[in-house]
$ cat target_24.cif   # mmCIF, C-alpha atoms and all ligand atoms
data_structure
#
loop_
_atom_site.label_atom_id
_atom_site.label_comp_id
_atom_site.auth_asym_id
_atom_site.auth_seq_id
_atom_site.Cartn_x
_atom_site.Cartn_y
_atom_site.Cartn_z
CA MET A 367 0.00 0.00 0.00
CA SER A 368 1.60 3.30 -1.05
CA LYS A 369 1.63 6.27 1.22
CA LYS A 370 -1.03 8.86 0.44
CA ALA A 371 -0.73 12.63 0.40
CA PHE A 372 -3.60 14.44 2.10
CA ILE A 373 -3.51 18.03 0.86
CA PHE A 374 -5.61 20.62 2.63
CA ASP A 375 -6.62 24.02 1.36
CA LEU A 376 -6.59 26.59 4.18
CA ASP A 377 -9.23 29.30 3.85
CA GLY A 378 -12.71 27.82 4.22
CA VAL A 379 -11.40 24.28 4.79
CA ILE A 380 -9.24 24.45 7.93
CA VAL A 381 -10.31 27.83 9.24
CA ASP A 382 -13.28 30.06 8.67
CA THR A 383 -11.29 32.91 7.11
CA ALA A 384 -13.36 33.04 3.91
CA LYS A 385 -15.70 35.46 5.70
CA TYR A 386 -12.79 37.81 6.54
CA HIS A 387 -11.55 37.82 2.94
CA PHE A 388 -15.11 38.66 1.88
CA MET A 389 -15.42 41.49 4.43
CA ALA A 390 -12.11 43.03 3.34
CA TRP A 391 -12.96 42.82 -0.38
CA GLN A 392 -16.44 44.17 0.25
CA LYS A 393 -15.01 47.18 2.07
CA LEU A 394 -12.75 47.93 -0.89
CA ALA A 395 -15.55 47.36 -3.43
CA GLU A 396 -17.82 49.73 -1.52
CA SER A 397 -15.17 52.43 -1.47
CA LEU A 398 -14.99 52.11 -5.27
CA ASP A 399 -18.79 52.03 -5.67
CA ILE A 400 -18.74 48.48 -6.98
CA LEU A 401 -21.57 46.09 -6.11
CA PHE A 402 -19.97 42.95 -4.66
CA THR A 403 -22.27 40.21 -3.34
CA PRO A 404 -21.72 36.82 -1.63
CA GLU A 405 -22.50 35.23 -5.03
CA HIS A 406 -19.69 37.20 -6.66
CA ASN A 407 -17.47 36.12 -3.77
CA GLU A 408 -17.73 32.44 -4.79
CA GLU A 409 -15.61 33.32 -7.83
CA LEU A 410 -12.88 34.68 -5.58
CA LYS A 411 -12.52 31.62 -3.39
CA GLY A 412 -9.18 29.91 -3.96
CA VAL A 413 -8.12 32.69 -6.31
CA SER A 414 -4.95 34.75 -5.74
CA ARG A 415 -5.05 38.24 -4.25
CA VAL A 416 -4.07 39.94 -7.52
CA ARG A 417 -6.58 37.99 -9.60
CA SER A 418 -9.31 38.68 -7.03
CA LEU A 419 -8.79 42.43 -7.42
CA GLU A 420 -8.97 42.10 -11.22
CA ILE A 421 -12.30 40.26 -10.90
CA ILE A 422 -13.73 42.94 -8.61
CA LEU A 423 -12.58 45.79 -10.85
CA GLY A 424 -14.09 43.88 -13.78
CA LEU A 425 -17.46 43.74 -11.99
CA GLY A 426 -17.48 47.54 -11.78
CA ARG A 427 -15.82 48.01 -15.17
CA VAL A 428 -13.21 50.07 -13.36
CA GLU A 429 -9.93 50.73 -15.17
CA ALA A 430 -7.10 51.61 -12.82
CA SER A 431 -3.41 52.45 -12.87
CA GLU A 432 -0.85 49.96 -11.57
CA GLU A 433 -0.19 52.35 -8.72
CA ASP A 434 -3.83 52.37 -7.62
CA LYS A 435 -4.02 48.58 -7.88
CA GLN A 436 -0.97 48.18 -5.65
CA LYS A 437 -2.45 50.62 -3.15
CA TRP A 438 -5.75 48.72 -3.05
CA LEU A 439 -4.03 45.34 -2.67
CA ILE A 440 -2.10 46.65 0.32
CA GLN A 441 -5.26 48.19 1.80
CA LYS A 442 -7.24 44.96 1.40
CA ASN A 443 -4.51 42.92 3.04
CA GLU A 444 -4.17 45.38 5.93
CA ASP A 445 -7.92 45.19 6.56
CA TYR A 446 -7.81 41.39 6.30
CA LEU A 447 -4.89 41.21 8.74
CA SER A 448 -6.77 43.41 11.19
CA TYR A 449 -9.76 41.03 11.04
CA ILE A 450 -7.63 37.92 11.66
CA GLU A 451 -5.40 39.51 14.27
CA LYS A 452 -7.23 37.99 17.20
CA MET A 453 -7.88 34.63 15.58
CA ASP A 454 -7.34 31.62 17.79
CA GLU A 455 -8.11 27.91 17.81
CA SER A 456 -11.83 28.58 18.23
CA GLU A 457 -11.87 29.40 14.49
CA ILE A 458 -10.70 25.95 13.42
CA LEU A 459 -13.59 24.42 11.49
CA PRO A 460 -15.43 21.45 13.08
CA ASN A 461 -13.57 18.13 13.24
CA VAL A 462 -10.54 19.42 11.29
CA ARG A 463 -8.07 18.88 14.13
CA GLU A 464 -9.43 15.36 14.73
CA THR A 465 -9.14 14.54 11.02
CA LEU A 466 -5.53 15.78 10.93
CA GLU A 467 -4.73 13.71 14.02
CA PHE A 468 -6.28 10.60 12.48
CA ILE A 469 -4.35 10.97 9.22
CA ARG A 470 -1.06 11.47 11.10
CA ARG A 471 -1.72 8.49 13.40
CA ASN A 472 -2.00 6.45 10.21
CA ASN A 473 1.41 7.68 9.01
CA GLN A 474 0.15 9.37 5.87
CA GLY A 475 1.54 12.59 4.37
CA VAL A 476 -0.11 15.86 5.33
CA ALA A 477 0.35 19.03 3.27
CA LEU A 478 -1.10 22.49 2.96
CA GLY A 479 -1.88 23.70 -0.57
CA SER A 480 -3.14 27.27 -0.30
CA ALA A 481 -3.16 30.38 -2.48
CA SER A 482 -2.76 32.57 0.60
CA LYS A 483 0.42 34.43 1.43
CA ASN A 484 -0.81 34.58 5.03
CA ALA A 485 -1.01 30.80 5.47
CA ARG A 486 1.85 30.20 7.93
CA PRO A 487 0.94 32.90 10.46
CA ILE A 488 -2.68 31.70 10.39
CA LEU A 489 -1.69 28.07 11.07
CA GLU A 490 0.52 29.32 13.90
CA LYS A 491 -2.25 31.45 15.41
CA VAL A 492 -4.64 28.51 15.53
CA GLY A 493 -1.97 26.07 16.71
CA LEU A 494 -2.07 23.66 13.76
CA LEU A 495 1.31 24.31 12.13
CA HIS A 496 2.93 21.18 13.60
CA PHE A 497 0.47 18.87 11.80
CA PHE A 498 1.92 19.69 8.37
CA ASP A 499 4.88 17.86 6.81
CA VAL A 500 4.83 20.28 3.90
CA ILE A 501 3.44 23.77 3.32
CA VAL A 502 3.01 25.19 -0.16
CA ASP A 503 1.33 28.60 -0.24
CA GLY A 504 0.92 31.75 -2.29
CA ASN A 505 4.56 32.67 -1.69
CA ASP A 506 5.80 29.50 -3.39
CA VAL A 507 3.85 29.30 -6.63
CA THR A 508 3.46 31.44 -9.72
CA ASN A 509 0.28 29.95 -11.14
CA ALA A 510 -2.98 30.36 -9.24
CA LYS A 511 -5.72 27.69 -8.97
CA PRO A 512 -7.29 26.26 -11.15
CA ASP A 513 -3.69 25.69 -12.22
CA PRO A 514 -2.65 22.65 -10.17
CA GLU A 515 0.89 23.91 -9.41
CA VAL A 516 0.28 24.33 -5.67
CA PHE A 517 -1.01 20.76 -5.23
CA VAL A 518 1.53 19.16 -7.58
CA ARG A 519 4.35 20.84 -5.67
CA ALA A 520 2.93 19.62 -2.34
CA ALA A 521 2.67 16.00 -3.55
CA GLN A 522 6.18 16.15 -4.99
CA LEU A 523 7.61 17.42 -1.70
CA LEU A 524 5.90 14.52 0.09
CA GLY A 525 7.30 12.09 -2.49
CA VAL A 526 3.83 10.93 -3.50
CA SER A 527 2.45 10.61 -7.06
CA ASN A 528 -0.53 12.76 -8.09
CA GLU A 529 -2.70 9.63 -8.31
CA ASN A 530 -2.05 8.99 -4.61
CA ALA A 531 -2.95 12.52 -3.56
CA ILE A 532 -6.25 13.58 -2.03
CA VAL A 533 -7.27 17.24 -1.97
CA PHE A 534 -9.75 18.89 0.41
CA GLU A 535 -11.10 22.12 -1.09
CA ASP A 536 -13.95 24.59 -0.63
CA SER A 537 -13.48 26.43 -3.93
CA VAL A 538 -14.52 25.63 -7.48
CA ALA A 539 -11.05 26.67 -8.73
CA GLY A 540 -9.37 24.34 -6.22
CA ILE A 541 -11.54 21.34 -7.15
CA GLN A 542 -10.73 21.97 -10.81
CA ALA A 543 -7.01 22.15 -9.98
CA ALA A 544 -7.13 18.78 -8.18
CA ASN A 545 -9.06 17.19 -11.05
CA ILE A 546 -6.63 18.55 -13.66
CA ALA A 547 -3.76 16.97 -11.70
CA SER A 548 -5.57 13.58 -11.50
CA MET A 549 -5.80 13.89 -7.73
CA LEU A 550 -8.91 12.83 -5.80
CA SER A 551 -10.97 15.96 -5.21
CA ILE A 552 -13.06 16.23 -2.07
CA GLY A 553 -15.31 19.27 -1.78
CA ILE A 554 -15.98 20.83 1.61
CA GLY A 555 -19.14 22.87 1.28
CA ASP A 556 -22.21 22.98 -0.93
CA LYS A 557 -22.38 20.18 -3.51
CA ASN A 558 -24.48 22.38 -5.79
CA VAL A 559 -21.50 24.74 -6.01
CA LEU A 560 -18.72 22.13 -5.92
CA LYS A 561 -20.34 20.04 -8.67
CA GLU A 562 -17.05 18.83 -10.11
CA ALA A 563 -15.78 17.30 -6.87
CA GLU A 564 -15.45 13.51 -6.72
CA TYR A 565 -16.95 13.55 -3.21
CA CYS A 566 -18.49 16.42 -1.28
CA PHE A 567 -19.23 16.92 2.44
CA PRO A 568 -20.82 19.96 4.10
CA ASN A 569 -17.93 19.87 6.60
CA PHE A 570 -15.55 17.43 8.29
CA LEU A 571 -18.19 16.34 10.82
CA TYR A 572 -19.85 14.46 7.96
CA MET A 573 -16.65 12.61 7.05
CA ASP A 574 -15.97 9.77 9.44
CA ASN A 575 -12.70 7.96 10.02
CA SER A 576 -13.83 4.91 8.05
CA PHE A 577 -14.03 7.11 4.93
CA ILE A 578 -10.44 8.28 5.49
CA GLU A 579 -9.40 4.65 6.08
CA THR A 580 -10.91 3.68 2.73
CA LEU A 581 -8.94 6.48 1.04
CA ILE A 582 -5.74 5.24 2.67
CA LYS A 583 -6.34 1.64 1.52
CA ASN A 584 -7.40 2.37 -2.06
C1 LIG B 1 -7.25 31.81 -0.89
C2 LIG B 1 -8.59 32.44 -0.57
O1 LIG B 1 -7.05 30.72 -0.03
O2 LIG B 1 -6.18 32.75 -0.72
C3 LIG B 1 -8.77 33.72 -1.39
O3 LIG B 1 -9.62 31.53 -0.86
C4 LIG B 1 -7.60 34.65 -1.17
O4 LIG B 1 -9.98 34.33 -1.01
C5 LIG B 1 -6.29 33.93 -1.52
O5 LIG B 1 -7.71 35.82 -1.96
C6 LIG B 1 -5.06 34.79 -1.28
O6 LIG B 1 -4.94 35.02 0.08
P1 LIG B 1 -4.03 36.14 0.74
O7 LIG B 1 -4.12 35.82 2.22
O8 LIG B 1 -2.63 35.93 0.22
O9 LIG B 1 -4.59 37.46 0.37
MG MG B 2 -10.39 27.88 0.26
#
$ encode --input "target_24.cif" --output "structure tokens"
Amino acid sequence: MSKKAFIFDLDGVIVDTAKYHFMAWQKLAESLDILFTPEHNEELKGVSRVRSLEIILGLGRVEASEEDKQKWLIQKNEDYLSYIEKMDESEILPNVRETLEFIRRNNQGVALGSASKNARPILEKVGLLHFFDVIVDGNDVTNAKPDPEVFVRAAQLLGVSNENAIVFEDSVAGIQAANIASMLSIGIGDKNVLKEAEYCFPNFLYMDNSFIETLIKN
């Protein structure tokens, strides 16, 4: 039985930071008079910071100079950082810690595959950093999801083939990235949104250990 790589997205899978990203983008959109709804926000999940800004400006048909874009990216991140400043382990999503513990007890590889440049400090804040053998985040990759670079790099660093990698994702772009790389995609969230996922669970409370055991054995 080959070792498996369990690759976790961060925002919206491990911690409930998706709402803070949304709040920070909404604040910026409002200041630019752009209508930005929770539905629009689905398109931003899993997407890099720069690409997210392009999508928002596109919604308002706003053309901006490079200088303004840089200023807004910094502003958004400062607002986001202020929202997550006081984050602690209470913001770990249900049953995530238990799932990580179970996978580690079974000697499988555990990686983070996130678009965020804030991934490490967040994992530290919530006390989960030590669970990860490998961390690949927005500082390490050039191509954003749905490009599979972040997941492929994580599997490589764990010494596991793509076919033996399992990806937990809450974003459409992330599920597509896993599928493109021939990894097993597991959606965390609404199956009507994450239609392309191989399996989908509302959250980790719905995924019992016997399901993980099956993934390890197959
Ligand atoms: C992804 C989030 O994980 O990271 C996106 O789903 C976010 O919403 C992206 O824009 C980049 O994150 P950060 O922390 O580098 O701005
Ligand atoms: Mg996510």
$ residues_near_ligand --input "target_24.cif" --ligand "ligand MG 2 (chain B)" --cutoff "6 Å" --atoms "all atoms listed in the file" --output "ChimeraX atom specification"
/A:375-379,411-412,535-537
$ closest_residue --input "target_24.cif" --among "A:Leu494, A:Val538, A:Met573, A:Met367" --to "ligand LIG 1 (chain B)" --atoms "all atoms listed in the file"
A:Val538
$ atom_distance --input "target_24.cif" --atom1 "atom CA of Asn545 of chain A" --atom2 "atom C2 of ligand LIG 1 (chain B)"
18.5 Å
$ residues_near_ligand --input "target_24.cif" --ligand "ligand LIG 1 (chain B)" --cutoff "6 Å" --atoms "all atoms listed in the file" --output "MDAnalysis selection string"
chainID A and resid 376:377 387 410:415 480:484
$ atom_distance --input "target_24.cif" --atom1 "atom CA of Phe372 of chain A" --atom2 "atom CA of Lys385 of chain A"
24.5 Å
$ closest_residue --input "target_24.cif" --among "A:Ala547, A:Ala384, A:Leu398, A:Ile532" --to "Tyr565 of chain A" --atoms "only C-alpha atoms"
A:Ile532
$ decode --input "target_24.cif" --residues "segment 386-423 of chain A" --atoms "C-alpha atoms" --output "mmCIF file, in the first residue's frame"
data_model
loop_
_atom_site.group_PDB
_atom_site.id
_atom_site.type_symbol
_atom_site.label_atom_id
_atom_site.label_comp_id
_atom_site.auth_asym_id
_atom_site.auth_seq_id
_atom_site.Cartn_x
_atom_site.Cartn_y
_atom_site.Cartn_z
ATOM 1 C CA TYR A 386 -12.790 37.806 6.543
ATOM 2 C CA HIS A 387 -11.547 37.818 2.945
ATOM 3 C CA PHE A 388 -15.107 38.660 1.881
ATOM 4 C CA MET A 389 -15.416 41.492 4.433
ATOM 5 C CA ALA A 390 -12.113 43.033 3.338
ATOM 6 C CA TRP A 391 -12.958 42.815 -0.385
ATOM 7 C CA GLN A 392 -16.437 44.165 0.247
ATOM 8 C CA LYS A 393 -15.005 47.180 2.069
ATOM 9 C CA LEU A 394 -12.750 47.926 -0.888
ATOM 10 C CA ALA A 395 -15.545 47.355 -3.426
ATOM 11 C CA GLU A 396 -17.825 49.727 -1.525
ATOM 12 C CA SER A 397 -15.169 52.432 -1.471
ATOM 13 C CA LEU A 398 -14.987 52.110 -5.273
ATOM 14 C CA ASP A 399 -18.795 52.033 -5.672
ATOM 15 C CA ILE A 400 -18.737 48.481 -6.984
ATOM 16 C CA LEU A 401 -21.566 46.086 -6.110
ATOM 17 C CA PHE A 402 -19.970 42.952 -4.662
ATOM 18 C CA THR A 403 -22.274 40.210 -3.342
ATOM 19 C CA PRO A 404 -21.720 36.823 -1.627
ATOM 20 C CA GLU A 405 -22.501 35.229 -5.033
ATOM 21 C CA HIS A 406 -19.690 37.195 -6.658
ATOM 22 C CA ASN A 407 -17.470 36.120 -3.775
ATOM 23 C CA GLU A 408 -17.732 32.442 -4.790
ATOM 24 C CA GLU A 409 -15.611 33.322 -7.835
ATOM 25 C CA LEU A 410 -12.883 34.685 -5.582
ATOM 26 C CA LYS A 411 -12.521 31.624 -3.391
ATOM 27 C CA GLY A 412 -9.183 29.911 -3.955
ATOM 28 C CA VAL A 413 -8.123 32.686 -6.309
ATOM 29 C CA SER A 414 -4.946 34.746 -5.739
ATOM 30 C CA ARG A 415 -5.050 38.236 -4.248
ATOM 31 C CA VAL A 416 -4.070 39.938 -7.519
ATOM 32 C CA ARG A 417 -6.578 37.994 -9.600
ATOM 33 C CA SER A 418 -9.306 38.679 -7.028
ATOM 34 C CA LEU A 419 -8.787 42.427 -7.421
ATOM 35 C CA GLU A 420 -8.966 42.097 -11.220
ATOM 36 C CA ILE A 421 -12.301 40.257 -10.899
ATOM 37 C CA ILE A 422 -13.733 42.941 -8.605
ATOM 38 C CA LEU A 423 -12.577 45.787 -10.851
#
